[in-house]
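Text of work-v2.pdb (PDB, C-alpha atoms, pLDDT in the B column) as supplied:
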ATOM      1  CA  ALA A  23       5.299  -4.786   8.027  1.00 73.00           C
ATOM      2  CA  HIS A  24       6.144  -6.845  11.107  1.00 79.00           C
ATOM      3  CA  ALA A  25       4.257  -4.538  13.480  1.00 85.00           C
ATOM      4  CA  LEU A  26       1.187  -4.492  11.229  1.00 88.00           C
ATOM      5  CA  SER A  27       1.442  -8.255  10.829  1.00 84.00           C
ATOM      6  CA  GLN A  28       1.234  -8.659  14.600  1.00 82.00           C
ATOM      7  CA  ARG A  29      -1.523  -6.082  14.980  1.00 85.00           C
ATOM      8  CA  TYR A  30      -3.820  -7.618  12.377  1.00 84.00           C
ATOM      9  CA  LEU A  31      -2.585 -11.244  12.631  1.00 81.00           C
ATOM     10  CA  LEU A  32      -1.766 -11.374   8.953  1.00 81.00           C
ATOM     11  CA  PRO A  33       1.369 -12.898   7.409  1.00 79.00           C
ATOM     12  CA  ALA A  34       4.035 -10.250   6.829  1.00 80.00           C
ATOM     13  CA  GLY A  35       4.136 -11.194   3.165  1.00 78.00           C
ATOM     14  CA  GLN A  36       0.404 -10.542   2.866  1.00 81.00           C
ATOM     15  CA  VAL A  37       0.810  -7.111   4.469  1.00 87.00           C
ATOM     16  CA  ILE A  38       3.501  -6.194   1.950  1.00 87.00           C
ATOM     17  CA  GLN A  39       1.389  -7.509  -0.933  1.00 84.00           C
ATOM     18  CA  ALA A  40      -1.613  -5.551   0.359  1.00 88.00           C
ATOM     19  CA  TRP A  41       0.470  -2.349   0.467  1.00 93.00           C
ATOM     20  CA  LYS A  42       1.574  -2.804  -3.138  1.00 90.00           C
ATOM     21  CA  MET A  43      -2.011  -3.396  -4.209  1.00 89.00           C
ATOM     22  CA  PHE A  44      -3.225  -0.394  -2.220  1.00 94.00           C
ATOM     23  CA  LYS A  45      -0.659   1.868  -3.891  1.00 93.00           C
ATOM     24  CA  ARG A  46      -1.671   0.552  -7.301  1.00 91.00           C
ATOM     25  CA  TYR A  47      -5.257   1.653  -6.740  1.00 93.00           C
ATOM     26  CA  ASP A  48      -4.308   4.871  -4.928  1.00 94.00           C
ATOM     27  CA  VAL A  49      -3.595   6.532  -8.262  1.00 90.00           C
ATOM     28  CA  GLN A  50      -3.685  10.043  -6.805  1.00 90.00           C
ATOM     29  CA  ASP A  51      -1.286   9.064  -4.004  1.00 93.00           C
ATOM     30  CA  VAL A  52      -3.481  10.585  -1.285  1.00 95.00           C
ATOM     31  CA  GLY A  53      -3.248   7.670   1.158  1.00 95.00           C
ATOM     32  CA  LYS A  54      -6.857   6.575   0.779  1.00 94.00           C
ATOM     33  CA  LEU A  55      -9.153   4.919  -1.714  1.00 93.00           C
ATOM     34  CA  SER A  56     -12.593   5.980  -2.750  1.00 91.00           C
ATOM     35  CA  ALA A  57     -15.382   3.474  -2.138  1.00 85.00           C
ATOM     36  CA  ILE A  58     -15.391   2.677  -5.861  1.00 86.00           C
ATOM     37  CA  ASP A  59     -11.622   2.102  -6.009  1.00 90.00           C
ATOM     38  CA  PHE A  60     -11.789  -0.040  -2.880  1.00 88.00           C
ATOM     39  CA  GLN A  61     -14.508  -2.154  -4.427  1.00 83.00           C
ATOM     40  CA  LEU A  62     -12.339  -2.597  -7.521  1.00 86.00           C
ATOM     41  CA  LEU A  63      -9.490  -3.715  -5.269  1.00 87.00           C
ATOM     42  CA  ILE A  64     -11.774  -6.244  -3.551  1.00 83.00           C
ATOM     43  CA  ARG A  65     -12.861  -7.578  -6.926  1.00 81.00           C
ATOM     44  CA  SER A  66      -9.208  -7.997  -7.859  1.00 80.00           C
ATOM     45  CA  VAL A  67      -8.554  -9.986  -4.677  1.00 75.00           C
ATOM     46  CA  LEU A  68     -11.530 -12.245  -5.386  1.00 75.00           C
ATOM     47  CA  ARG A  69     -11.169 -12.495  -9.166  1.00 71.00           C
ATOM     48  CA  ASP A  70      -9.920 -16.096  -9.189  1.00 59.00           C
ATOM     49  CA  ARG A  71     -12.796 -17.229  -6.963  1.00 63.00           C
ATOM     50  CA  PHE A  72     -15.490 -15.075  -8.583  1.00 66.00           C
ATOM     51  CA  PRO A  73     -14.708 -14.257 -12.246  1.00 65.00           C
ATOM     52  CA  ARG A  74     -17.965 -12.289 -12.474  1.00 68.00           C
ATOM     53  CA  ALA A  75     -18.182  -9.336 -10.090  1.00 66.00           C
ATOM     54  CA  LYS A  76     -21.920  -9.814  -9.593  1.00 69.00           C
ATOM     55  CA  ASP A  77     -21.252 -13.222  -8.040  1.00 69.00           C
ATOM     56  CA  ILE A  78     -19.286 -11.791  -5.094  1.00 71.00           C
ATOM     57  CA  PRO A  79     -21.357 -12.455  -1.940  1.00 70.00           C
ATOM     58  CA  GLU A  80     -22.642  -9.297  -0.333  1.00 71.00           C
ATOM     59  CA  GLU A  81     -21.557 -10.411   3.137  1.00 67.00           C
ATOM     60  CA  ILE A  82     -17.879  -9.995   2.271  1.00 68.00           C
ATOM     61  CA  ILE A  83     -18.314  -6.513   0.840  1.00 68.00           C
ATOM     62  CA  SER A  84     -17.145  -4.064   3.477  1.00 59.00           C
ATOM     63  CA  GLN A  85     -19.721  -1.837   5.169  1.00 59.00           C
ATOM     64  CA  THR A  86     -17.351   0.964   4.259  1.00 60.00           C
ATOM     65  CA  VAL A  87     -18.022   0.281   0.594  1.00 64.00           C
ATOM     66  CA  LEU A  88     -21.765   0.226   1.178  1.00 63.00           C
ATOM     67  CA  LYS A  89     -21.566   3.550   3.030  1.00 71.00           C
ATOM     68  CA  GLY A  90     -19.478   5.139   0.301  1.00 75.00           C
ATOM     69  CA  GLU A  91     -16.652   6.127   2.656  1.00 82.00           C
ATOM     70  CA  ASP A  92     -12.976   6.407   1.760  1.00 89.00           C
ATOM     71  CA  VAL A  93     -10.650   3.614   2.898  1.00 91.00           C
ATOM     72  CA  THR A  94      -7.103   3.950   4.233  1.00 93.00           C
ATOM     73  CA  PHE A  95      -4.432   1.250   4.087  1.00 94.00           C
ATOM     74  CA  LEU A  96      -5.229   0.295   7.684  1.00 94.00           C
ATOM     75  CA  GLY A  97      -8.851  -0.028   6.619  1.00 90.00           C
ATOM     76  CA  LEU A  98      -7.758  -2.483   3.937  1.00 90.00           C
ATOM     77  CA  LEU A  99      -5.778  -4.532   6.477  1.00 91.00           C
ATOM     78  CA  GLU A 100      -8.771  -4.567   8.802  1.00 89.00           C
ATOM     79  CA  TRP A 101     -10.959  -5.824   5.973  1.00 85.00           C
ATOM     80  CA  LEU A 102      -8.443  -8.573   5.152  1.00 84.00           C
ATOM     81  CA  ALA A 103      -8.192  -9.591   8.822  1.00 83.00           C
ATOM     82  CA  GLN A 104     -11.970  -9.716   9.229  1.00 78.00           C
ATOM     83  CA  ASN A 105     -12.559 -11.659   6.035  1.00 75.00           C
ATOM     84  CA  SER A 106      -9.594 -14.018   6.136  1.00 66.00           C
ATOM     85  CA  PHE A 107     -11.804 -16.532   7.964  1.00 53.00           C
ATOM     86  CA  SER A 108     -14.487 -16.251   5.281  1.00 57.00           C
ATOM     87  CA  LYS A 109     -14.962 -19.406   3.258  1.00 51.00           C
ATOM     88  CA  HIS A 110     -15.130 -17.173   0.194  1.00 53.00           C
ATOM     89  CA  LEU A 111     -11.466 -16.222   0.534  1.00 56.00           C
ATOM     90  CA  LEU A 112     -10.541 -19.904   0.673  1.00 46.00           C
ATOM     91  CA  VAL A 113      -8.317 -19.682   3.724  1.00 51.00           C
ATOM     92  CA  SER A 114      -7.148 -23.218   4.434  1.00 56.00           C
ATOM     93  CA  SER A 115      -8.159 -24.948   7.644  1.00 65.00           C
ATOM     94  CA  GLU A 116      -4.468 -25.137   8.526  1.00 71.00           C
ATOM     95  CA  GLN A 117      -4.036 -21.373   8.196  1.00 71.00           C
ATOM     96  CA  LYS A 118      -7.168 -20.820  10.262  1.00 73.00           C
ATOM     97  CA  PHE A 119      -5.752 -23.048  12.979  1.00 82.00           C
ATOM     98  CA  ILE A 120      -2.433 -21.180  12.948  1.00 83.00           C
ATOM     99  CA  ARG A 121      -4.249 -17.860  13.346  1.00 80.00           C
ATOM    100  CA  GLU A 122      -6.408 -19.232  16.139  1.00 84.00           C
ATOM    101  CA  ILE A 123      -3.277 -20.405  17.952  1.00 86.00           C
ATOM    102  CA  ALA A 124      -1.682 -16.958  17.579  1.00 85.00           C
ATOM    103  CA  ARG A 125      -4.817 -15.282  18.925  1.00 84.00           C
ATOM    104  CA  GLN A 126      -5.328 -17.720  21.793  1.00 85.00           C
ATOM    105  CA  TYR A 127      -1.789 -17.525  23.131  1.00 83.00           C
ATOM    106  CA  GLY A 128      -1.089 -13.883  22.286  1.00 84.00           C
ATOM    107  CA  VAL A 129       1.914 -14.616  20.086  1.00 85.00           C
ATOM    108  CA  SER A 130       2.736 -13.279  16.665  1.00 83.00           C
ATOM    109  CA  LEU A 131       1.511 -15.061  13.565  1.00 79.00           C
ATOM    110  CA  PRO A 132       5.074 -15.281  12.151  1.00 82.00           C
ATOM    111  CA  GLU A 133       6.214 -17.090  15.309  1.00 85.00           C
ATOM    112  CA  VAL A 134       3.560 -19.783  14.942  1.00 88.00           C
ATOM    113  CA  GLU A 135       4.225 -20.019  11.203  1.00 85.00           C
ATOM    114  CA  HIS A 136       7.934 -20.462  11.951  1.00 87.00           C
ATOM    115  CA  VAL A 137       7.193 -23.369  14.266  1.00 91.00           C
ATOM    116  CA  LYS A 138       4.812 -24.940  11.733  1.00 90.00           C
ATOM    117  CA  PHE A 139       7.343 -24.570   8.924  1.00 88.00           C
ATOM    118  CA  ASN A 140       9.986 -26.431  10.907  1.00 91.00           C
ATOM    119  CA  PHE A 141       7.487 -29.028  12.115  1.00 93.00           C
ATOM    120  CA  ASP A 142       6.648 -29.857   8.486  1.00 90.00           C
ATOM    121  CA  ARG A 143      10.312 -29.747   7.541  1.00 90.00           C
ATOM    122  CA  TYR A 144      11.231 -32.439  10.081  1.00 92.00           C
ATOM    123  CA  ASP A 145       8.150 -34.526   9.350  1.00 91.00           C
ATOM    124  CA  THR A 146      10.318 -36.411   6.864  1.00 87.00           C
ATOM    125  CA  ASP A 147       7.759 -39.093   6.055  1.00 86.00           C
ATOM    126  CA  ASN A 148       4.960 -36.525   5.538  1.00 83.00           C
ATOM    127  CA  SER A 149       2.751 -38.341   8.022  1.00 89.00           C
ATOM    128  CA  GLY A 150       1.597 -35.163   9.740  1.00 88.00           C
ATOM    129  CA  MET A 151       3.200 -36.542  12.891  1.00 94.00           C
ATOM    130  CA  ILE A 152       6.606 -36.137  14.526  1.00 95.00           C
ATOM    131  CA  SER A 153       8.329 -39.231  15.911  1.00 95.00           C
ATOM    132  CA  SER A 154      10.850 -39.139  18.747  1.00 93.00           C
ATOM    133  CA  HIS A 155      13.717 -39.236  16.237  1.00 91.00           C
ATOM    134  CA  GLU A 156      12.257 -36.385  14.195  1.00 94.00           C
ATOM    135  CA  PHE A 157      11.536 -34.490  17.409  1.00 94.00           C
ATOM    136  CA  LYS A 158      15.233 -34.191  18.198  1.00 91.00           C
ATOM    137  CA  GLY A 159      16.031 -32.534  14.894  1.00 91.00           C
ATOM    138  CA  LEU A 160      12.996 -30.268  15.200  1.00 93.00           C
ATOM    139  CA  MET A 161      13.998 -29.025  18.645  1.00 91.00           C
ATOM    140  CA  HIS A 162      17.567 -28.336  17.588  1.00 89.00           C
ATOM    141  CA  ALA A 163      16.264 -26.304  14.656  1.00 89.00           C
ATOM    142  CA  LEU A 164      13.687 -24.333  16.638  1.00 89.00           C
ATOM    143  CA  LEU A 165      16.114 -23.526  19.434  1.00 86.00           C
ATOM    144  CA  GLY A 166      19.042 -22.811  17.148  1.00 83.00           C
ATOM    145  CA  VAL A 167      21.182 -25.281  19.068  1.00 77.00           C
ATOM    146  CA  ARG A 168      24.642 -25.878  17.651  1.00 75.00           C
ATOM    147  CA  ASP A 169      26.371 -27.089  20.775  1.00 71.00           C
ATOM    148  CA  GLN A 170      24.921 -30.467  21.744  1.00 68.00           C
ATOM    149  CA  ALA A 171      25.777 -29.732  25.372  1.00 69.00           C
ATOM    150  CA  ALA A 172      23.234 -26.911  25.364  1.00 70.00           C
ATOM    151  CA  LEU A 173      20.456 -29.462  24.864  1.00 77.00           C
ATOM    152  CA  PRO A 174      21.584 -32.813  26.279  1.00 84.00           C
ATOM    153  CA  GLU A 175      19.988 -36.085  25.302  1.00 88.00           C
ATOM    154  CA  SER A 176      18.491 -36.512  28.765  1.00 89.00           C
ATOM    155  CA  ARG A 177      16.645 -33.201  28.417  1.00 88.00           C
ATOM    156  CA  LEU A 178      15.312 -34.183  24.996  1.00 90.00           C
ATOM    157  CA  VAL A 179      14.065 -37.498  26.370  1.00 92.00           C
ATOM    158  CA  SER A 180      12.314 -35.637  29.186  1.00 91.00           C
ATOM    159  CA  PHE A 181      10.763 -33.206  26.724  1.00 91.00           C
ATOM    160  CA  TRP A 182       9.532 -36.035  24.521  1.00 94.00           C
ATOM    161  CA  ARG A 183       7.870 -37.809  27.417  1.00 94.00           C
ATOM    162  CA  GLU A 184       5.984 -34.628  28.188  1.00 92.00           C
ATOM    163  CA  VAL A 185       4.830 -33.817  24.680  1.00 93.00           C
ATOM    164  CA  ASP A 186       3.965 -37.459  23.933  1.00 94.00           C
ATOM    165  CA  SER A 187       2.108 -37.871  27.215  1.00 91.00           C
ATOM    166  CA  ALA A 188      -0.163 -40.515  25.696  1.00 91.00           C
ATOM    167  CA  GLY A 189       2.841 -42.661  24.803  1.00 93.00           C
ATOM    168  CA  THR A 190       1.763 -43.165  21.189  1.00 94.00           C
ATOM    169  CA  GLY A 191       5.252 -42.650  19.788  1.00 95.00           C
ATOM    170  CA  ALA A 192       4.251 -39.667  17.638  1.00 96.00           C
ATOM    171  CA  VAL A 193       2.565 -36.264  18.019  1.00 96.00           C
ATOM    172  CA  ASN A 194       0.806 -33.978  15.578  1.00 93.00           C
ATOM    173  CA  PHE A 195       1.127 -30.189  15.385  1.00 92.00           C
ATOM    174  CA  LYS A 196      -1.983 -29.563  17.488  1.00 89.00           C
ATOM    175  CA  GLU A 197      -0.383 -31.543  20.300  1.00 91.00           C
ATOM    176  CA  PHE A 198       3.070 -30.031  19.828  1.00 94.00           C
ATOM    177  CA  ILE A 199       2.394 -26.296  19.563  1.00 92.00           C
ATOM    178  CA  PRO A 200       0.755 -25.744  22.994  1.00 89.00           C
ATOM    179  CA  TRP A 201       3.578 -27.657  24.645  1.00 91.00           C
ATOM    180  CA  TYR A 202       6.224 -25.724  22.742  1.00 91.00           C
ATOM    181  CA  LEU A 203       4.714 -22.325  23.511  1.00 88.00           C
ATOM    182  CA  GLY A 204       4.359 -23.301  27.155  1.00 83.00           C
ATOM    183  CA  TYR A 205       8.134 -23.614  27.443  1.00 81.00           C
ATOM    184  CA  PHE A 206       9.672 -21.524  24.704  1.00 79.00           C
ATOM    185  CA  ARG A 207       7.266 -18.673  24.104  1.00 72.00           C
ATOM    186  CA  HIS A 208       9.211 -15.424  24.142  1.00 58.00           C
ATOM    187  CA  ASP A 209       8.693 -11.721  23.536  1.00 50.00           C
ATOM    188  CA  ALA A 210       9.845 -10.793  20.041  1.00 44.00           C
ATOM    189  CA  GLN A 211      10.938  -7.402  21.399  1.00 42.00           C
ATOM    190  CA  GLU A 212      13.471  -9.050  23.704  1.00 45.00           C
ATOM    191  CA  ALA A 213      16.984  -9.889  22.625  1.00 40.00           C
ATOM    192  CA  SER A 214      16.767 -13.313  24.226  1.00 45.00           C
ATOM    193  CA  GLY A 215      15.741 -16.372  22.306  1.00 46.00           C
ATOM    194  CA  PRO A 216      13.672 -19.499  23.025  1.00 45.00           C
ATOM    195  CA  VAL A 217      16.354 -21.174  25.141  1.00 47.00           C
ATOM    196  CA  GLU A 218      16.442 -18.206  27.516  1.00 49.00           C
ATOM    197  CA  ALA A 219      12.626 -18.205  27.497  1.00 45.00           C
ATOM    198  CA  TYR A 220      12.709 -21.854  28.565  1.00 49.00           C
ATOM    199  CA  TYR A 221      14.701 -21.077  31.681  1.00 45.00           C
ATOM    200  CA  ARG A 222      12.316 -18.254  32.536  1.00 48.00           C
ATOM    201  CA  ASN A 223       9.347 -20.566  32.015  1.00 48.00           C
ATOM    202  CA  ILE A 224      10.909 -23.620  33.619  1.00 44.00           C
ATOM    203  CA  ARG A 225       7.659 -24.374  35.442  1.00 46.00           C
ATOM    204  CA  PRO A 226       5.054 -23.612  32.780  1.00 45.00           C
ATOM    205  CA  VAL A 227       1.335 -23.793  33.312  1.00 44.00           C
ATOM    206  CA  PRO A 228      -0.173 -26.145  30.711  1.00 48.00           C
ATOM    207  CA  PHE A 229      -2.739 -24.560  28.458  1.00 45.00           C
ATOM    208  CA  PRO A 230      -4.199 -27.165  26.122  1.00 49.00           C
ATOM    209  CA  TYR A 231      -5.627 -25.999  22.826  1.00 48.00           C
ATOM    210  CA  ARG A 232      -9.393 -25.941  22.710  1.00 51.00           C
ATOM    211  CA  SER A 233     -11.000 -25.769  19.310  1.00 47.00           C
ATOM    212  CA  HIS A 234     -14.230 -23.812  18.897  1.00 48.00           C
TER     213      HIS A 234
END

Once more with this new file: its structure as C-alpha cells, please.
Amino acid sequence: AHALSQRYLLPAGQVIQAWKMFKRYDVQDVGKLSAIDFQLLIRSVLRDRFPRAKDIPEEIISQTVLKGEDVTFLGLLEWLAQNSFSKHLLVSSEQKFIREIARQYGVSLPEVEHVKFNFDRYDTDNSGMISSHEFKGLMHALLGVRDQAALPESRLVSFWREVDSAGTGAVNFKEFIPWYLGYFRHDAQEASGPVEAYYRNIRPVPFPYRSH
C-alpha cells in the first residue's frame, strides 16, 4: 500500500479502502472489472454526493468506461488520482494543498500528512498558526527528539528566526512546510531520519511554495 500510495499520491488508507472495494466488485476474482462493474463502483464512490446515478457529471466518468474496456486495480487507482482534484469528489482545499506540496517537492503524501498532523496537534489554540512556544514542541515531535541536547535551545531559536522571517511571531502551515522540507526532507528508503537529513542538508536551497 505504501508504494502505491507514493506512486499515485493517494493516502495509504485510501489505497487499502480502494482495494477492498475493488475486490468486492471483482466477484469472479479475475483481477479486473468489466466496464459495467467499474461504473457501479464509481457510482458507489459518488453515492453520497449524487444519490441519483443520472446526476453524475460525465466529465468524471472514466474514458475506460465509455470505451467499454476492463479495468484493473491500478486503473482504479489512476482514476482516483486523476479525479481526486475534481470538485465533484469534494476533496478539501487543505487536502489539495497537501497533495500539491507532495508533488512539487517530490516527497511522499504520507510524509506531508505526518507533518500536517503534528502541526495541527501543536496548534493548541486552533489558530491555524504556530507560535514560537508551540514551534518547540512541534520540532521535538517531528524529529523524535528525546534528548534535549540533540536539539539545543540556541538551535531552536535560530530555526524560529528563519521560519518566521517576517517577525510576526507566528507562522502558518504554508510558511512552515517549505522550510521544514528544505532542512529535514529525507528518503523514506533510507534508515536515517530527519535529524540525519538535516546535517546532510545543512545548507539548503530555499524553495518557496508557489500556488497555481

Distance query 10 Å from (5.1, -37.4, 12.8) using only C-alpha atoms, result as a list in words: Phe141, Asp142, Tyr144, Asp145, Thr146, Asp147, Asn148, Ser149, Gly150, Met151, Ile152, Ser153, Ser154, His155, Glu156, Phe157, Gly191, Ala192, Val193, Asn194 and Phe195 of chain A

Produce a file of the selected residues containing C-alpha atoms, as a PDB file, in the coordinates of the input.
ATOM      1  CA  PHE A 141       7.487 -29.028  12.115  1.00 93.00           C
ATOM      2  CA  ASP A 142       6.648 -29.857   8.486  1.00 90.00           C
ATOM      3  CA  TYR A 144      11.231 -32.439  10.081  1.00 92.00           C
ATOM      4  CA  ASP A 145       8.150 -34.526   9.350  1.00 91.00           C
ATOM      5  CA  THR A 146      10.318 -36.411   6.864  1.00 87.00           C
ATOM      6  CA  ASP A 147       7.759 -39.093   6.055  1.00 86.00           C
ATOM      7  CA  ASN A 148       4.960 -36.525   5.538  1.00 83.00           C
ATOM      8  CA  SER A 149       2.751 -38.341   8.022  1.00 89.00           C
ATOM      9  CA  GLY A 150       1.597 -35.163   9.740  1.00 88.00           C
ATOM     10  CA  MET A 151       3.200 -36.542  12.891  1.00 94.00           C
ATOM     11  CA  ILE A 152       6.606 -36.137  14.526  1.00 95.00           C
ATOM     12  CA  SER A 153       8.329 -39.231  15.911  1.00 95.00           C
ATOM     13  CA  SER A 154      10.850 -39.139  18.747  1.00 93.00           C
ATOM     14  CA  HIS A 155      13.717 -39.236  16.237  1.00 91.00           C
ATOM     15  CA  GLU A 156      12.257 -36.385  14.195  1.00 94.00           C
ATOM     16  CA  PHE A 157      11.536 -34.490  17.409  1.00 94.00           C
ATOM     17  CA  GLY A 191       5.252 -42.650  19.788  1.00 95.00           C
ATOM     18  CA  ALA A 192       4.251 -39.667  17.638  1.00 96.00           C
ATOM     19  CA  VAL A 193       2.565 -36.264  18.019  1.00 96.00           C
ATOM     20  CA  ASN A 194       0.806 -33.978  15.578  1.00 93.00           C
ATOM     21  CA  PHE A 195       1.127 -30.189  15.385  1.00 92.00           C
TER      22      PHE A 195
END

Can you tell me, as an mmCIF file with C-alpha atoms, keeping the file's coordinate frame, which residues sit within 12 Å of (-1.5, -7.2, -2.8) in the file's frame, using only C-alpha atoms?
data_model
loop_
_atom_site.group_PDB
_atom_site.id
_atom_site.type_symbol
_atom_site.label_atom_id
_atom_site.label_comp_id
_atom_site.auth_asym_id
_atom_site.auth_seq_id
_atom_site.Cartn_x
_atom_site.Cartn_y
_atom_site.Cartn_z
ATOM 1 C CA ALA A 34 4.035 -10.250 6.829
ATOM 2 C CA GLY A 35 4.136 -11.194 3.165
ATOM 3 C CA GLN A 36 0.404 -10.542 2.866
ATOM 4 C CA VAL A 37 0.810 -7.111 4.469
ATOM 5 C CA ILE A 38 3.501 -6.194 1.950
ATOM 6 C CA GLN A 39 1.389 -7.509 -0.933
ATOM 7 C CA ALA A 40 -1.613 -5.551 0.359
ATOM 8 C CA TRP A 41 0.470 -2.349 0.467
ATOM 9 C CA LYS A 42 1.574 -2.804 -3.138
ATOM 10 C CA MET A 43 -2.011 -3.396 -4.209
ATOM 11 C CA PHE A 44 -3.225 -0.394 -2.220
ATOM 12 C CA LYS A 45 -0.659 1.868 -3.891
ATOM 13 C CA ARG A 46 -1.671 0.552 -7.301
ATOM 14 C CA TYR A 47 -5.257 1.653 -6.740
ATOM 15 C CA LEU A 63 -9.490 -3.715 -5.269
ATOM 16 C CA ILE A 64 -11.774 -6.244 -3.551
ATOM 17 C CA SER A 66 -9.208 -7.997 -7.859
ATOM 18 C CA VAL A 67 -8.554 -9.986 -4.677
ATOM 19 C CA LEU A 68 -11.530 -12.245 -5.386
ATOM 20 C CA PHE A 95 -4.432 1.250 4.087
ATOM 21 C CA LEU A 98 -7.758 -2.483 3.937
ATOM 22 C CA LEU A 99 -5.778 -4.532 6.477
ATOM 23 C CA LEU A 102 -8.443 -8.573 5.152
#

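Residue nearest Pro33 (chain A) within the list A:Ala172, A:Leu164, A:Ile199, A:Ile120: A:Ile120 [criterion: smallest interatomic distance, all atoms listed in the file].
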
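Relative to CA of Leu160 (chain A), CA of Arg183 (chain A) is found at 15.2 Å.
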
Of the listed residues A:Ala103, A:Pro132, A:Lys138, A:Asp51, that which approaches Ala23 (chain A) most closely, counting only C-alpha atoms: A:Pro132

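In this model, the gap between CA of Leu131 (chain A) and CA of Gln61 (chain A) comes to 27.3 Å.
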
Interatomic distance, CA of Val185 (chain A) to CA of Pro200 (chain A) (Å, one decimal): 9.2 Å

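Nearest residue to Tyr202 (chain A), choosing from A:Met161, A:Arg121, A:Phe139, A:Leu178 and counting all atoms listed in the file: A:Met161.
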